[in-house]
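For reference, final19.cif (mmCIF, C-alpha atoms):
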```cif
data_coords
loop_
_atom_site.label_atom_id
_atom_site.label_comp_id
_atom_site.auth_asym_id
_atom_site.auth_seq_id
_atom_site.Cartn_x
_atom_site.Cartn_y
_atom_site.Cartn_z
CA MET A 1 132.17 57.63 147.13
CA PHE A 2 133.20 59.21 143.85
CA ALA A 3 132.20 56.32 141.58
CA ASN A 4 128.85 55.93 143.29
CA GLU A 5 127.80 59.57 143.08
CA ILE A 6 127.92 60.09 139.33
CA THR A 7 127.39 58.07 136.20
CA ASP A 8 129.04 60.45 133.71
CA ILE A 9 132.63 61.55 134.18
CA ASN A 10 134.47 64.25 132.30
CA PHE A 11 138.09 63.64 133.19
CA LYS A 12 139.06 67.11 132.06
CA LYS A 13 137.73 68.30 135.42
CA ILE A 14 140.32 66.18 137.18
CA ARG A 15 143.05 67.44 134.89
CA GLN A 16 142.08 71.08 135.40
CA ARG A 17 142.14 70.70 139.17
CA HIS A 18 145.52 69.05 139.24
CA ALA A 19 147.28 70.24 136.07
CA GLY A 20 150.28 72.55 136.05
CA ALA A 21 150.85 75.49 133.69
CA GLY A 22 148.36 75.63 130.90
CA GLY A 23 145.66 73.62 132.70
CA GLU A 24 145.95 70.66 130.35
CA MET A 25 147.15 67.13 130.72
CA GLY A 26 148.53 65.26 127.72
CA ASN A 27 151.30 62.70 127.31
CA LYS A 28 153.77 65.12 128.91
CA ARG A 29 151.67 65.11 132.07
CA LYS A 30 153.00 62.75 134.73
CA ILE A 31 151.05 60.81 137.33
CA GLN A 32 152.67 59.59 140.49
CA GLY A 33 151.88 58.26 143.92
CA CYS A 34 151.56 55.17 146.08
CA LEU A 35 148.48 52.98 146.19
CA CYS A 36 147.44 49.79 147.96
CA ALA A 37 146.32 47.11 145.55
CA PRO A 38 142.64 46.26 145.96
CA ALA A 39 142.02 42.86 147.52
CA SER A 40 141.58 40.00 145.06
CA LYS A 41 137.89 39.41 144.45
CA SER A 42 138.64 35.98 142.99
CA MET A 43 140.50 34.82 146.07
CA THR A 44 137.96 36.45 148.39
CA GLN A 45 135.15 34.41 146.85
CA ARG A 46 137.16 31.20 147.07
CA ALA A 47 138.09 31.87 150.69
CA ILE A 48 134.46 32.53 151.63
CA ALA A 49 133.39 29.26 149.98
CA ALA A 50 136.11 27.31 151.82
CA ALA A 51 135.19 28.91 155.15
CA LEU A 52 131.54 27.99 154.55
CA LEU A 53 132.54 24.34 154.18
CA ALA A 54 134.84 24.24 157.22
CA GLN A 55 133.52 23.00 160.55
CA GLY A 56 134.41 25.76 162.99
CA VAL A 57 135.44 29.38 162.76
CA SER A 58 137.63 30.77 159.98
CA GLU A 59 138.82 34.33 159.47
CA VAL A 60 139.09 35.92 156.06
CA ARG A 61 141.21 39.02 156.42
CA ASN A 62 141.52 41.88 153.94
CA PRO A 63 138.57 40.66 151.83
CA SER A 64 137.43 42.55 148.76
CA ARG A 65 134.31 44.63 149.37
CA CYS A 66 133.36 44.76 145.71
CA ASP A 67 129.91 43.68 144.50
CA ASP A 68 131.11 40.23 143.40
CA ALA A 69 132.68 39.53 146.79
CA LEU A 70 129.61 40.81 148.64
CA ALA A 71 127.51 38.47 146.51
CA ALA A 72 129.67 35.52 147.62
CA ALA A 73 129.26 36.49 151.28
CA ALA A 74 125.48 36.75 150.88
CA VAL A 75 125.31 33.37 149.13
CA ALA A 76 127.43 31.74 151.86
CA LYS A 77 125.05 33.11 154.50
CA THR A 78 122.06 31.72 152.64
CA LEU A 79 123.77 28.33 152.48
CA GLY A 80 124.19 28.25 156.26
CA ALA A 81 127.37 30.12 157.18
CA GLN A 82 127.39 32.59 160.03
CA ILE A 83 129.35 35.66 158.94
CA GLU A 84 130.43 38.42 161.27
CA THR A 85 132.07 41.55 159.91
CA THR A 86 135.18 42.52 161.84
CA ALA A 87 137.78 45.27 161.58
CA ALA A 88 140.08 42.81 159.79
CA GLY A 89 137.47 41.28 157.50
CA TYR A 90 135.09 38.37 158.12
CA ARG A 91 134.75 35.80 160.89
CA ILE A 92 132.92 32.86 159.32
CA THR A 93 131.42 29.87 161.09
CA GLY A 94 130.98 27.07 158.60
CA VAL A 95 128.35 24.35 158.36
CA ALA A 96 128.97 21.05 160.14
CA PRO A 97 130.11 18.27 157.77
CA ASP A 98 127.79 15.70 159.30
CA ARG A 99 124.91 17.69 157.77
CA PHE A 100 125.91 16.74 154.20
CA PRO A 101 123.68 16.42 152.31
CA LEU A 102 120.97 18.54 153.88
CA GLN A 103 117.62 16.92 153.27
CA GLU A 104 115.60 20.09 153.59
CA ALA A 105 113.59 22.40 151.40
CA GLY A 106 115.31 24.10 148.52
CA VAL A 107 117.30 27.31 148.66
CA SER A 108 117.40 30.43 146.48
CA LEU A 109 120.73 32.11 145.72
CA HIS A 110 121.29 35.50 144.11
CA VAL A 111 124.80 35.88 142.68
CA ARG A 112 124.31 39.46 141.36
CA GLU A 113 126.58 39.83 138.29
CA SER A 114 129.26 37.35 139.34
CA ALA A 115 129.82 34.44 136.97
CA LEU A 116 132.43 33.01 139.35
CA CYS A 117 129.93 33.10 142.20
CA ALA A 118 127.41 31.15 140.10
CA ARG A 119 129.89 28.49 139.01
CA LEU A 120 131.68 28.25 142.35
CA PHE A 121 128.63 27.93 144.58
CA ALA A 122 126.31 25.88 142.33
CA PRO A 123 128.13 22.57 143.09
CA VAL A 124 128.28 23.59 146.76
CA ALA A 125 124.54 24.27 146.79
CA ALA A 126 123.94 20.86 145.21
CA LEU A 127 126.10 19.36 147.94
CA LEU A 128 124.02 20.94 150.70
CA TYR A 129 120.48 21.08 149.35
CA PRO A 130 118.32 18.78 147.20
CA ALA A 131 117.07 21.76 145.19
CA ALA A 132 118.36 25.26 144.53
CA ALA A 133 117.45 28.26 142.43
CA ILE A 134 120.32 30.42 141.20
CA THR A 135 119.63 33.82 139.74
CA GLY A 136 121.64 36.91 138.95
CA SER A 137 121.30 40.38 137.49
CA GLY A 138 122.63 42.76 134.87
CA THR A 139 125.05 41.48 132.25
CA LEU A 140 125.26 38.03 133.85
CA LEU A 141 121.76 37.23 132.61
CA HIS A 142 123.13 37.33 129.05
CA ARG A 143 126.17 35.13 129.65
CA PRO A 144 125.73 31.44 128.68
CA MET A 145 125.97 28.85 131.46
CA ASN A 146 126.14 25.75 129.25
CA ASP A 147 129.38 24.60 130.87
CA LEU A 148 127.87 24.77 134.34
CA ILE A 149 124.72 22.90 133.31
CA THR A 150 126.70 20.14 131.59
CA ALA A 151 129.20 19.74 134.45
CA LEU A 152 126.48 19.49 137.10
CA ALA A 153 124.63 16.87 135.04
CA ALA A 154 127.82 14.79 134.91
CA PHE A 155 127.74 14.60 138.71
CA GLY A 156 124.06 13.85 139.14
CA VAL A 157 122.45 17.31 139.26
CA THR A 158 119.80 18.39 136.77
CA ALA A 159 119.81 22.10 135.92
CA ALA A 160 116.92 23.70 134.07
CA ALA A 161 117.79 27.07 132.56
CA THR A 162 116.11 29.92 130.72
CA GLY A 163 116.50 29.17 127.03
CA HIS A 164 118.49 26.07 128.07
CA ARG A 165 121.60 28.16 128.73
CA TYR A 166 121.01 31.32 130.80
CA LEU A 167 120.26 32.18 134.41
CA PRO A 168 118.11 31.68 136.36
CA LEU A 169 118.89 28.01 136.96
CA GLN A 170 116.76 25.49 138.81
CA LEU A 171 118.92 22.73 140.32
CA HIS A 172 117.47 19.37 141.32
CA GLY A 173 119.22 16.39 142.87
CA ALA A 174 122.16 15.97 145.21
CA LEU A 175 125.74 16.15 143.97
CA GLN A 176 127.12 12.63 143.40
CA HIS A 177 130.68 11.33 143.39
CA GLY A 178 131.99 9.74 140.22
CA THR A 179 134.10 10.30 137.13
CA ALA A 180 133.27 12.77 134.39
CA THR A 181 134.90 14.52 131.45
CA ILE A 182 134.42 18.29 131.48
CA ASP A 183 135.03 20.66 128.57
CA ALA A 184 136.69 23.67 130.20
CA SER A 185 137.51 25.59 127.03
CA THR A 186 135.27 28.56 127.86
CA SER A 187 135.97 28.86 131.58
CA SER A 188 137.83 27.11 134.39
CA GLN A 189 135.37 28.37 137.02
CA ILE A 190 133.21 25.24 137.08
CA ILE A 191 136.35 23.14 137.63
CA SER A 192 137.06 25.23 140.72
CA GLY A 193 133.50 24.76 141.95
CA LEU A 194 133.68 20.99 141.57
CA LEU A 195 137.10 20.81 143.20
CA MET A 196 135.69 22.57 146.24
CA ALA A 197 132.55 20.45 146.61
CA LEU A 198 133.54 16.91 145.59
CA PRO A 199 136.04 16.19 148.44
CA LEU A 200 133.18 16.25 150.97
CA LEU A 201 131.24 13.42 149.33
CA HIS A 202 131.51 9.88 150.67
CA GLY A 203 133.09 8.42 147.54
CA ASN A 204 136.06 9.26 145.36
CA SER A 205 135.77 11.37 142.22
CA GLU A 206 137.79 12.17 139.14
CA ILE A 207 137.48 15.15 136.82
CA ARG A 208 138.91 14.61 133.36
CA VAL A 209 139.45 18.00 131.78
CA GLU A 210 139.48 18.87 128.12
CA LYS A 211 140.91 22.16 126.80
CA LEU A 212 141.44 23.82 130.15
CA ALA A 213 141.21 27.61 129.91
CA SER A 214 142.74 30.00 132.44
CA ARG A 215 144.87 27.38 134.17
CA PRO A 216 146.23 29.86 136.78
CA TYR A 217 142.75 30.25 138.25
CA VAL A 218 142.68 26.52 138.96
CA ASP A 219 146.06 26.95 140.64
CA MET A 220 144.47 29.57 142.90
CA THR A 221 141.78 27.08 143.88
CA LEU A 222 144.26 24.27 144.51
CA GLU A 223 146.40 26.58 146.62
CA LEU A 224 143.42 27.57 148.76
CA LEU A 225 142.23 23.97 149.12
CA GLN A 226 145.64 22.97 150.41
CA THR A 227 145.49 25.80 152.95
CA PHE A 228 142.18 24.44 154.26
CA GLY A 229 143.48 20.86 154.44
CA ILE A 230 141.94 19.45 151.26
CA THR A 231 144.05 17.18 149.02
CA VAL A 232 143.60 16.96 145.26
CA THR A 233 145.89 15.03 142.93
CA ASN A 234 146.62 17.05 139.80
CA ASN A 235 147.75 15.04 136.80
CA ARG A 236 149.02 17.66 134.34
CA TYR A 237 145.70 19.55 134.54
CA GLU A 238 144.14 16.74 132.53
CA ARG A 239 142.86 14.64 135.43
CA PHE A 240 142.05 15.72 138.95
CA GLN A 241 141.63 12.87 141.43
CA ILE A 242 139.66 13.73 144.57
CA CYS A 243 139.37 11.42 147.55
CA GLY A 244 136.05 11.56 149.36
CA ASN A 245 135.34 11.93 153.08
CA GLN A 246 137.72 14.86 153.45
CA ARG A 247 137.09 17.76 155.81
CA TYR A 248 137.93 21.44 155.57
CA THR A 249 139.98 22.67 158.51
CA PRO A 250 139.11 26.20 159.69
CA GLN A 251 141.84 28.71 158.86
CA THR A 252 142.84 32.33 159.15
CA CYS A 253 143.79 33.58 155.72
CA THR A 254 144.66 36.99 154.35
CA VAL A 255 143.50 37.86 150.86
CA GLU A 256 146.33 39.13 148.70
CA GLY A 257 146.27 42.14 146.40
CA ASP A 258 144.47 41.90 143.09
CA TRP A 259 146.65 41.90 139.99
CA SER A 260 143.58 42.43 137.79
CA GLY A 261 142.69 45.78 139.33
CA ALA A 262 146.28 46.90 139.85
CA ALA A 263 147.09 46.24 136.18
CA PHE A 264 145.40 49.51 135.19
CA TRP A 265 147.67 51.56 137.45
CA LEU A 266 150.74 49.67 136.27
CA ALA A 267 149.83 50.41 132.66
CA ALA A 268 149.14 54.07 133.48
CA ALA A 269 152.51 54.40 135.21
CA ALA A 270 154.27 52.94 132.19
CA ILE A 271 152.47 55.42 129.92
CA GLY A 272 153.32 58.54 131.88
CA GLY A 273 154.77 58.74 135.36
CA GLY A 274 155.65 56.45 138.20
CA ILE A 275 153.35 54.60 140.58
CA THR A 276 154.13 52.35 143.53
CA VAL A 277 151.57 49.65 144.30
CA GLU A 278 151.71 47.86 147.65
CA GLY A 279 150.33 44.41 148.41
CA LEU A 280 151.14 42.56 145.19
CA HIS A 281 152.81 39.16 145.48
CA ALA A 282 155.49 38.54 142.87
CA GLY A 283 154.92 34.77 143.16
CA SER A 284 151.12 34.95 143.12
CA ALA A 285 149.12 32.21 141.40
CA GLN A 286 146.81 34.88 139.94
CA ALA A 287 146.67 34.73 136.16
CA ASP A 288 146.91 38.49 135.78
CA ARG A 289 150.38 38.57 137.30
CA ALA A 290 151.33 38.12 133.64
CA MET A 291 150.98 41.91 133.39
CA LEU A 292 154.63 41.95 134.44
CA GLN A 293 155.60 40.28 131.16
CA VAL A 294 153.68 42.85 129.14
CA LEU A 295 155.27 45.78 130.95
CA GLN A 296 158.76 44.37 130.48
CA GLN A 297 158.18 43.70 126.78
CA ALA A 298 156.81 47.20 126.23
CA GLY A 299 159.81 48.87 127.87
CA ALA A 300 158.49 50.01 131.24
CA ARG A 301 160.88 50.17 134.19
CA LEU A 302 160.04 47.87 137.11
CA GLN A 303 161.39 47.66 140.63
CA TRP A 304 160.38 45.25 143.41
CA THR A 305 160.81 45.86 147.14
CA GLY A 306 159.19 43.02 149.06
CA ASP A 307 155.51 43.04 148.09
CA THR A 308 155.74 46.55 146.69
CA LEU A 309 156.08 47.14 142.96
CA THR A 310 157.09 50.44 141.38
CA VAL A 311 156.53 50.98 137.66
CA ARG A 312 157.97 53.97 135.82
CA HIS A 313 157.54 55.35 132.35
CA GLY A 314 159.87 54.15 129.63
CA LEU A 315 160.12 54.44 125.86
CA LEU A 316 157.20 52.21 124.93
CA ASN A 317 157.36 49.95 121.91
CA ALA A 318 154.89 47.49 120.44
CA PHE A 319 154.81 43.99 121.87
CA ARG A 320 153.28 40.55 121.34
CA PHE A 321 151.50 38.84 124.23
CA ASN A 322 149.34 35.73 124.64
CA ALA A 323 146.44 36.51 127.00
CA SER A 324 144.58 33.20 126.54
CA ASP A 325 145.06 32.26 130.20
CA CYS A 326 144.41 35.78 131.47
CA PRO A 327 141.63 37.31 129.32
CA ASP A 328 140.77 39.89 131.99
CA LEU A 329 144.07 41.57 131.13
CA PHE A 330 142.86 42.59 127.67
CA PRO A 331 141.54 46.03 128.73
CA PRO A 332 144.69 47.19 130.59
CA VAL A 333 146.96 45.60 127.97
CA VAL A 334 145.08 47.40 125.17
CA LEU A 335 145.36 50.60 127.23
CA LEU A 336 149.14 50.16 127.29
CA ALA A 337 149.33 49.20 123.63
CA ALA A 338 147.39 52.32 122.64
CA PHE A 339 150.34 54.46 123.78
CA CYS A 340 153.10 52.23 122.34
CA ASN A 341 154.95 52.91 119.14
CA GLY A 342 153.85 50.42 116.47
CA ILE A 343 151.31 47.63 116.29
CA SER A 344 150.96 45.33 119.30
CA ILE A 345 149.50 41.83 118.90
CA ILE A 346 147.46 40.25 121.69
CA GLU A 347 146.49 36.61 121.32
CA GLY A 348 143.43 35.06 122.94
CA ALA A 349 140.69 37.30 121.55
CA GLU A 350 138.31 34.34 121.29
CA ARG A 351 138.11 34.33 125.11
CA LEU A 352 136.43 37.77 125.12
CA VAL A 353 133.02 37.02 123.66
CA HIS A 354 131.17 36.06 126.86
CA LYS A 355 132.53 38.50 129.43
CA GLU A 356 130.47 41.32 130.97
CA SER A 357 130.38 42.59 127.41
CA ASN A 358 131.73 41.18 124.18
CA ARG A 359 135.07 42.74 125.04
CA ALA A 360 136.53 42.17 121.61
CA THR A 361 134.01 44.43 119.88
CA ALA A 362 133.73 46.70 122.94
CA LEU A 363 137.46 47.39 122.87
CA GLN A 364 137.28 48.11 119.15
CA ASP A 365 134.41 50.53 119.62
CA THR A 366 135.70 52.33 122.72
CA PHE A 367 139.31 52.75 121.66
CA GLY A 368 138.25 53.50 118.09
CA LYS A 369 136.39 56.55 119.38
CA LEU A 370 139.58 57.55 121.20
CA GLY A 371 141.74 57.41 118.08
CA VAL A 372 143.11 53.89 118.34
CA THR A 373 142.52 51.39 115.53
CA ILE A 374 142.00 47.80 116.65
CA THR A 375 141.66 44.96 114.18
CA ILE A 376 140.79 41.36 115.00
CA GLU A 377 141.61 38.35 112.88
CA LYS A 378 140.67 34.96 114.26
CA ASN A 379 142.28 34.78 117.71
CA GLU A 380 144.56 37.82 117.41
CA MET A 381 143.88 41.44 118.24
CA ALA A 382 146.13 44.08 116.67
CA VAL A 383 146.33 47.46 118.43
CA HIS A 384 147.71 50.33 116.36
CA GLY A 385 149.39 52.60 118.89
CA GLY A 386 149.54 56.40 118.80
CA ASN A 387 147.14 59.25 118.01
CA VAL A 388 145.14 58.81 121.22
CA HIS A 389 142.60 61.56 121.93
CA GLY A 390 139.55 62.16 124.08
CA GLY A 391 135.92 61.51 123.23
CA LYS A 392 132.59 60.16 124.40
CA VAL A 393 132.54 56.40 124.90
CA SER A 394 130.44 53.62 126.35
CA SER A 395 131.60 51.31 129.10
CA PHE A 396 129.11 48.70 127.88
CA HIS A 397 128.29 48.37 131.60
CA ASP A 398 131.58 46.48 131.89
CA HIS A 399 133.77 47.38 134.86
CA ARG A 400 137.06 46.72 133.10
CA MET A 401 136.05 48.71 130.03
CA ALA A 402 135.17 51.69 132.24
CA MET A 403 138.52 51.53 134.01
CA ALA A 404 140.48 51.31 130.76
CA ALA A 405 138.70 54.31 129.25
CA ALA A 406 139.14 56.30 132.45
CA CYS A 407 142.90 55.75 132.38
CA VAL A 408 143.07 56.97 128.78
CA GLY A 409 141.56 60.21 130.06
CA LEU A 410 144.61 60.81 132.24
CA PHE A 411 146.77 61.34 129.16
CA THR A 412 144.63 63.15 126.60
CA ASP A 413 144.25 66.88 126.09
CA GLU A 414 140.56 66.40 125.40
CA ALA A 415 138.17 64.97 127.94
CA VAL A 416 137.11 61.33 128.01
CA VAL A 417 133.44 61.04 128.93
CA ILE A 418 132.07 57.62 129.93
CA ASP A 419 128.36 56.86 129.97
CA ASP A 420 128.41 54.54 133.01
CA THR A 421 131.05 54.34 135.70
CA ARG A 422 129.06 52.73 138.49
CA CYS A 423 129.91 49.37 136.95
CA VAL A 424 133.42 49.56 138.49
CA ASN A 425 131.78 48.57 141.79
CA LYS A 426 131.65 45.02 140.47
CA SER A 427 135.37 44.56 141.13
CA TYR A 428 136.95 47.82 142.34
CA PRO A 429 134.62 50.28 144.13
CA ASP A 430 137.54 52.54 145.14
CA PHE A 431 138.89 52.89 141.61
CA PHE A 432 138.09 56.57 141.14
CA THR A 433 139.13 57.42 144.69
CA ASP A 434 142.53 55.91 143.90
CA MET A 435 142.62 57.76 140.58
CA GLU A 436 142.21 61.03 142.46
CA LYS A 437 145.20 60.12 144.65
CA ILE A 438 147.63 59.69 141.78
CA THR A 439 146.45 62.79 139.94
CA MET A 440 146.62 64.89 143.11
CA ASN A 441 150.08 63.56 143.88
CA SER A 442 151.25 64.40 140.39
CA GLU A 443 151.27 68.16 141.08
CA GLN A 444 153.49 67.88 144.12
#
```
Kindly transcribe the structure held in the file into structure tokens.
Amino acid sequence: MFANEITDINFKKIRQRHAGAGGEMGNKRKIQGCLCAPASKSMTQRAIAAALLAQGVSEVRNPSRCDDALAAAAVAKTLGAQIETTAAGYRITGVAPDRFPLQEAGVSLHVRESALCARLFAPVAALLYPAAAITGSGTLLHRPMNDLITALAAFGVTAAATGHRYLPLQLHGALQHGTATIDASTSSQIISGLLMALPLLHGNSEIRVEKLASRPYVDMTLELLQTFGITVTNNRYERFQICGNQRYTPQTCTVEGDWSGAAFWLAAAAIGGGITVEGLHAGSAQADRAMLQVLQQAGARLQWTGDTLTVRHGLLNAFRFNASDCPDLFPPVVLLAAFCNGISIIEGAERLVHKESNRATALQDTFGKLGVTITIEKNEMAVHGGNVHGGKVSSFHDHRMAMAAACVGLFTDEAVVIDDTRCVNKSYPDFFTDMEKITMNSEQ
């Protein structure tokens, strides 16, 4: 696979293979084609967790095969699920509910680089085992887990961490029902993990949430729980009341397309060309569906046909957008803003510090080397559009940074060279294969 075979990419090679007269590809060069949106890694991980907790056989169709999703499948197996790979996806036999809690020896879970996997499965592990070790790799080892440690402690689980805040974690004690106040200002992922585990306890629980970040991701969890027969009472996202003694009902579910990955192609189409992306749900609960708002504000042309979205180039102007609930959109939104006329303002920059990289400074560095000035003041990022050129940049081993820089390379006369592109496997292993499709189609 293209992204797996090389670590350095000079995108001028792609342009030379597929360019028209002159052998160059600048802003006048158009990209076009039709792509299938990658499967949502966030929903894949949630579906695997739900299937693990259901008594009986569930099917997860069209799952993501990215590293984060594979980590979730491996963790679910370790926790007792039987997972069979099928042509459609996964057939998962969950653990029997009468085995909660499992009074056995501890378990060791490796979540690779997935922060969601760590926060989603830690409460589940504490539900099933009296002790658990959770470790990861790469950039995840430098991302604080204070919120996870504090939330687990509120429900009876002690978590010892490296430096009191980083993986690996050593969990001790069984998850207990009760009432707790959780600060969710840095991430909503631990709320999702608790919402999945607490319904299976014998008593009722209540989560009181302060400063909930990324509310749409909680909506994704609530939607999936309802599908699997779990009821949670949501009081304005401030209190979640969970009745105990509930049971997950096995289901067949199909994972929808991923707005996070597709956002890069939508931005690229708006910059220069027209791309049709299949498999995106207009009414999706995914936070990154907000990319539609950005495209409309910037002046791109959008057309829906069922679950197929076509985006075409328009006269792009600066915009203002609040990405506080969808911080993963920063890289594709900055990509779009770089080619807009004027200065675009993106709110929510404070959410970028503890991603795979510090994306605030990473975006400044990467796009600065490509001719785009980015300034940050408090919670606002200002992107000065225009004057984009090629150059050598770092991905900071961050999948979304690599994808953003790669897309810039589609529209510059000079090459964009990225130091590490393997990192795209974390969320979108077919990214460069899909990039080849739209550049090849552009010469037809």
| said: Applying the PyMOL selection byres ((chain A and resi 199-211) around 10) to the file I just gave you, which residues come out? Please list them as number ranges by chain. | reply: A: 53, 97-98, 100-101, 124, 127, 151, 154-155, 175-188, 191, 194-198, 212-215, 225, 230-248
If we count only C-alpha atoms and set the cut-off at 10 Å, which residues sit around A:Gly138, ignoring sequence neighbours fewer than 3 positions away in its own chain? Please answer as a PDB file with C-alpha atoms, in the frame of the given file.
```pdb
ATOM      1  CA  ARG A 112     124.310  39.460 141.360  1.00  0.00           C
ATOM      2  CA  GLU A 113     126.580  39.830 138.290  1.00  0.00           C
ATOM      3  CA  SER A 114     129.260  37.350 139.340  1.00  0.00           C
ATOM      4  CA  LEU A 141     121.760  37.230 132.610  1.00  0.00           C
ATOM      5  CA  HIS A 142     123.130  37.330 129.050  1.00  0.00           C
ATOM      6  CA  ARG A 143     126.170  35.130 129.650  1.00  0.00           C
ATOM      7  CA  GLU A 356     130.470  41.320 130.970  1.00  0.00           C
ATOM      8  CA  HIS A 397     128.290  48.370 131.600  1.00  0.00           C
TER       9      HIS A 397
END
```
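Picked out by the PyMOL selection byres ((chain A and resi 161) around 10) when it runs on this file: Ala133, Ile134, Pro144, Met145, Asn146, Ile149, Thr158, Ala159, Ala160, Thr162, Gly163, His164, Arg165, Tyr166, Leu167, Pro168, Leu169, Gln170 and Leu171 of chain A.
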Filtering to C-alpha atoms, could you give me those residues as a PDB file, in the frame of the given file?
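Written out: out_4.pdb:
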```pdb
ATOM      1  CA  ALA A 133     117.450  28.260 142.430  1.00  0.00           C
ATOM      2  CA  ILE A 134     120.320  30.420 141.200  1.00  0.00           C
ATOM      3  CA  PRO A 144     125.730  31.440 128.680  1.00  0.00           C
ATOM      4  CA  MET A 145     125.970  28.850 131.460  1.00  0.00           C
ATOM      5  CA  ASN A 146     126.140  25.750 129.250  1.00  0.00           C
ATOM      6  CA  ILE A 149     124.720  22.900 133.310  1.00  0.00           C
ATOM      7  CA  THR A 158     119.800  18.390 136.770  1.00  0.00           C
ATOM      8  CA  ALA A 159     119.810  22.100 135.920  1.00  0.00           C
ATOM      9  CA  ALA A 160     116.920  23.700 134.070  1.00  0.00           C
ATOM     10  CA  THR A 162     116.110  29.920 130.720  1.00  0.00           C
ATOM     11  CA  GLY A 163     116.500  29.170 127.030  1.00  0.00           C
ATOM     12  CA  HIS A 164     118.490  26.070 128.070  1.00  0.00           C
ATOM     13  CA  ARG A 165     121.600  28.160 128.730  1.00  0.00           C
ATOM     14  CA  TYR A 166     121.010  31.320 130.800  1.00  0.00           C
ATOM     15  CA  LEU A 167     120.260  32.180 134.410  1.00  0.00           C
ATOM     16  CA  PRO A 168     118.110  31.680 136.360  1.00  0.00           C
ATOM     17  CA  LEU A 169     118.890  28.010 136.960  1.00  0.00           C
ATOM     18  CA  GLN A 170     116.760  25.490 138.810  1.00  0.00           C
ATOM     19  CA  LEU A 171     118.920  22.730 140.320  1.00  0.00           C
TER      20      LEU A 171
END
```
| To one decimal place, how far is atom CA of A:Val416 from atom CA of A:Ser394 in Å? | 10.3 Å
Starting from the shown file, work through the PyMOL selection byres ((chain A and resi 74) around 12) and note down what comes out as a tab-separated table (two decimals) with C-alpha atoms, in the coordinates of the input.
```tsv
chain	number	residue	atom	x	y	z
A	45	GLN	CA	135.15	34.41	146.85
A	48	ILE	CA	134.46	32.53	151.63
A	49	ALA	CA	133.39	29.26	149.98
A	52	LEU	CA	131.54	27.99	154.55
A	65	ARG	CA	134.31	44.63	149.37
A	67	ASP	CA	129.91	43.68	144.50
A	68	ASP	CA	131.11	40.23	143.40
A	69	ALA	CA	132.68	39.53	146.79
A	70	LEU	CA	129.61	40.81	148.64
A	71	ALA	CA	127.51	38.47	146.51
A	72	ALA	CA	129.67	35.52	147.62
A	73	ALA	CA	129.26	36.49	151.28
A	75	VAL	CA	125.31	33.37	149.13
A	76	ALA	CA	127.43	31.74	151.86
A	77	LYS	CA	125.05	33.11	154.50
A	78	THR	CA	122.06	31.72	152.64
A	79	LEU	CA	123.77	28.33	152.48
A	80	GLY	CA	124.19	28.25	156.26
A	81	ALA	CA	127.37	30.12	157.18
A	82	GLN	CA	127.39	32.59	160.03
A	83	ILE	CA	129.35	35.66	158.94
A	84	GLU	CA	130.43	38.42	161.27
A	92	ILE	CA	132.92	32.86	159.32
A	108	SER	CA	117.40	30.43	146.48
A	109	LEU	CA	120.73	32.11	145.72
A	110	HIS	CA	121.29	35.50	144.11
A	111	VAL	CA	124.80	35.88	142.68
A	112	ARG	CA	124.31	39.46	141.36
A	117	CYS	CA	129.93	33.10	142.20
A	121	PHE	CA	128.63	27.93	144.58
```
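Rounded to one decimal, atom CA of A:Asp258 and atom CA of A:Gln286 lie 8.0 Å from each other.
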Exercise on stretch 176-183 of chain A, axis-aligned box with 6 Å per side, report centre and edge lengths in Å to one decimal, as JSON:
```
{"center_x": 131.1, "center_y": 15.2, "center_z": 136.0, "size_x": 19.9, "size_y": 22.9, "size_z": 26.8}
```
| Residues within 12 Å of A:Gln296, all atoms listed in the file, excluding chain neighbours under 3 positions, as a ChimeraX atom specification | /A:266-267,270,290-293,299-303,311-321,336
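Take atom CA of A:Ala282 and atom CA of A:Pro38: the distance between them is 15.3 Å.
Among the candidates A:Ser427, A:Thr366, A:Thr439, A:Asn358, the residue lying nearest to A:Thr139 is A:Asn358 (atoms considered: only C-alpha atoms).
When all atoms listed in the file are used to measure the gap to A:Asp434, the shortest distance among A:Ile275, A:Arg46, A:Ala402, A:Ala126 belongs to A:Ile275.
Between A:Val255 and the candidates A:Ile374, A:Ala323, A:Val95, A:Leu280, the tightest atom-to-atom separation, counting only C-alpha atoms, involves A:Leu280.
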